[in-house]
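Worksheet: the structure to be examined is printed underneath.
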Amino acid sequence: MTSKDGPDTSSRIEALRRKLDEQGLDGYVIPRFDEHQGEYCAPHDNRLAFVTGFNGSAGVAIVMRDRAAIFVDGRYQVQVRQEIDVDSLAIEHFYDAPLKDWLRKNLRKGERVGFNSLLLPSTWDSDCGQSVAAAGAEWIAVTDDLVDAIWSDQPEKPLGNVIALSRDYAGESVADKKRRIGQMLAEQGADVLIEAQPDNIAWFLNVRGRDVAFNPMPQSFMIADRDGQVEWLVDHRKLPNDLSDFELDGVAMSEPDLLLARVRTATAGRVALIDPGFAPSAVAHATREAGGSVRLSRSPITLAKMLKNPVELSGFRDCHRHDGAAWIRFFAWLEANAAEREEGGRPVTELEAEDRILDFRQMEQTFVEPSFRTISAAAGNAAMCHYAATAKSDAPITSHGVYLLDSGGQYYTGTTDATRTTAIGPVCDEIRRAYTAVLKGLISMVSLKFPKGTYGHQLDAFARRPLWDLGLDYDHGTGHGVGHFLSVHEQPQRFDRRVNEIELRPGMVTTIEPGYYKAGEYGIRIENQVEVIDDGDGFMSFRSLTLVPIDLRLADIKLMSEAERQWIDAYHWRVARTMEGLLDPATDAWLAARTAPIGK
């Protein structure tokens, strides 16, 4: 049996089981991760999709000889059921019933479970290994990936061009970054950093790339010591012959397939700092094999990169001005065309709308590419948090139901991510109540003033409270960090019910995005990107970077407080003022109507 839209996954699972027999294994773990443990991966590395048919950005599967399961989080509970063969794979929750718990509860004594240690970080390796041992089974690192062995037409590894990022955009030299990171290593008692995160390496070396869609960074590895010695392991074919624009003085170059050999050489008799969540566990194993010591700790580059410098922050403000103009042109176009087109039997569709906002972004000179696959979702499709329209699912945007657009761009000056929910016809009272609660949650959090030393999880409930009052909630985080012309989902800062150990600090850039979803009927989300700013006297606050009007036609203004109305009016005034000189007269008139003070 096959999934509804995908390949014959049952035959692929059976092919993998034949490999288990050949290897003397009883099971095999298939993560969504590539060798860099990031959210997005190249087609070459999307092993989870190849085997199961699931195309989400987070998940893991385990295939045993007689059973199999896939683990996805709340964003994908609807999508996964549409993409996989539910007769071949049980569906588990990524967080509530994770793989490590499944291993402990379901493995039989003596069973041997294999995994690729280049595809699992140390945290997963350790947690799963302990669970396997507790079940009396064995946790086996394999040399060659078993999925690759059955993937006859596996795409080649990516070879996107690498470019130098001017210091005019980066705001800090590589030499200064070397000194900063070297000092941070010394403070942690480490001699050398093994870095596998492409966005960290791109930030550190002031480079960008095109290996993976939506992620302007080259896939590579890096070894850097506290004295400023750096080795960059990157495929030389990605680089131009002329490197004069790059800041690579004192940077040795090697090929990425030499990673483990170079790690053994660099870490022998030394203390290596390795990020337990974002570096292959194979790196830690190689370090210990070479006689080195492993210090599992968050990468110092991650901690440095999360605090944007003044040039980066200025770039964020600039790109949001241009991104806001693209959004406003889009909504003016949609309102001018959607109802008339529906009446004429030629409704605007999800894919058409996705293409149109891209067209408007491409009018901006510093735009490079989308920052993620746009979520253009009408009616019931909007209930899938990470829905992606296809030729088969491409729904019309009609007067029956809401339309949700979650979209962003990569600009040389920064990265954007915003969501708005609208409708081209009247909405029912149920939708209006939920939309108003989501809007109140956004305002509650964006308008907060909070003391220094506050953590993201301590603020999460402010966005949920208006929904909780109605007995509603959403099964995703409230916000995530955003990179500077890097990853749109940047760790470590986030807003979530789960504990996050990173204090909020001025210079961080995050999203705030409450929502509500009713499966098969509608989805609502309103998202602003914000920067954390110093508010004086030991307090901080948020300043919205996103400059996109909020559709008040879906809200019940009577349910909003005077303070909430004042916030909306002030926000809309700033949007309108910032757009001066960017729009044509017709779009200016649309914006004036959509940002008029409440009650006028």
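Residue numbering restarts at 1 for every chain of the structure tokens, chains are lettered A, B, ... in their displayed order, and ligands are numbered from 1 as they appear.
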
Strand (DSSP E or B) call set, DSSP backbone run, segment 312-403 of chain A, as a list in words: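 Residues meeting the strand (DSSP E or B) criterion: Thr349, Phe367, Val368, Glu369, Pro370, Ile375, Ser376, Ala377, Ala378, Pro396 and Tyr403 of chain A.
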
How would the residues just picked look written out with C-alpha atoms as a compact mmCIF listing (two decimals), in the first residue's frame?
# COMPACT_ATOMS: atom_id res chain seq x y z
CA THR A 349 -5.38 30.03 -5.98
CA PHE A 367 16.19 40.46 -2.08
CA VAL A 368 17.89 37.10 -2.66
CA GLU A 369 15.34 34.29 -2.16
CA PRO A 370 12.46 33.25 0.11
CA ILE A 375 2.61 28.81 3.54
CA SER A 376 -0.21 29.97 1.30
CA ALA A 377 -3.25 28.27 2.79
CA ALA A 378 -6.96 28.70 2.17
CA PRO A 396 -8.99 28.52 -4.48
CA TYR A 403 -6.73 32.74 3.95

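Closest approach to Arg17 of chain A among A:Arg264, A:His572, A:Arg329, A:Arg67: A:Arg67, based on only C-alpha atoms.
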
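One distance worth recording is that between atom CA of Arg373 of chain A and atom CA of Tyr76 of chain A, which is 15.0 Å.
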
All helix (DSSP H, G or I) positions in segment 432-532 of chain A, as JSON, numbers by chain: {"A": [432, 433, 434, 435, 436, 437, 438, 439, 440, 441, 442, 443, 444, 445, 446, 456, 457, 458, 459, 460, 461, 462, 463, 464, 465, 466, 467, 468]}

Nearest candidate to Arg295 of chain A (options A:Leu20, A:Ala555, A:Ile431, A:Ala272; using only C-alpha atoms): A:Ala272

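Closest to Glu156 of chain A among A:Asp211, A:Asp225, A:Asp569, A:Glu255 is A:Asp211, based on only C-alpha atoms.
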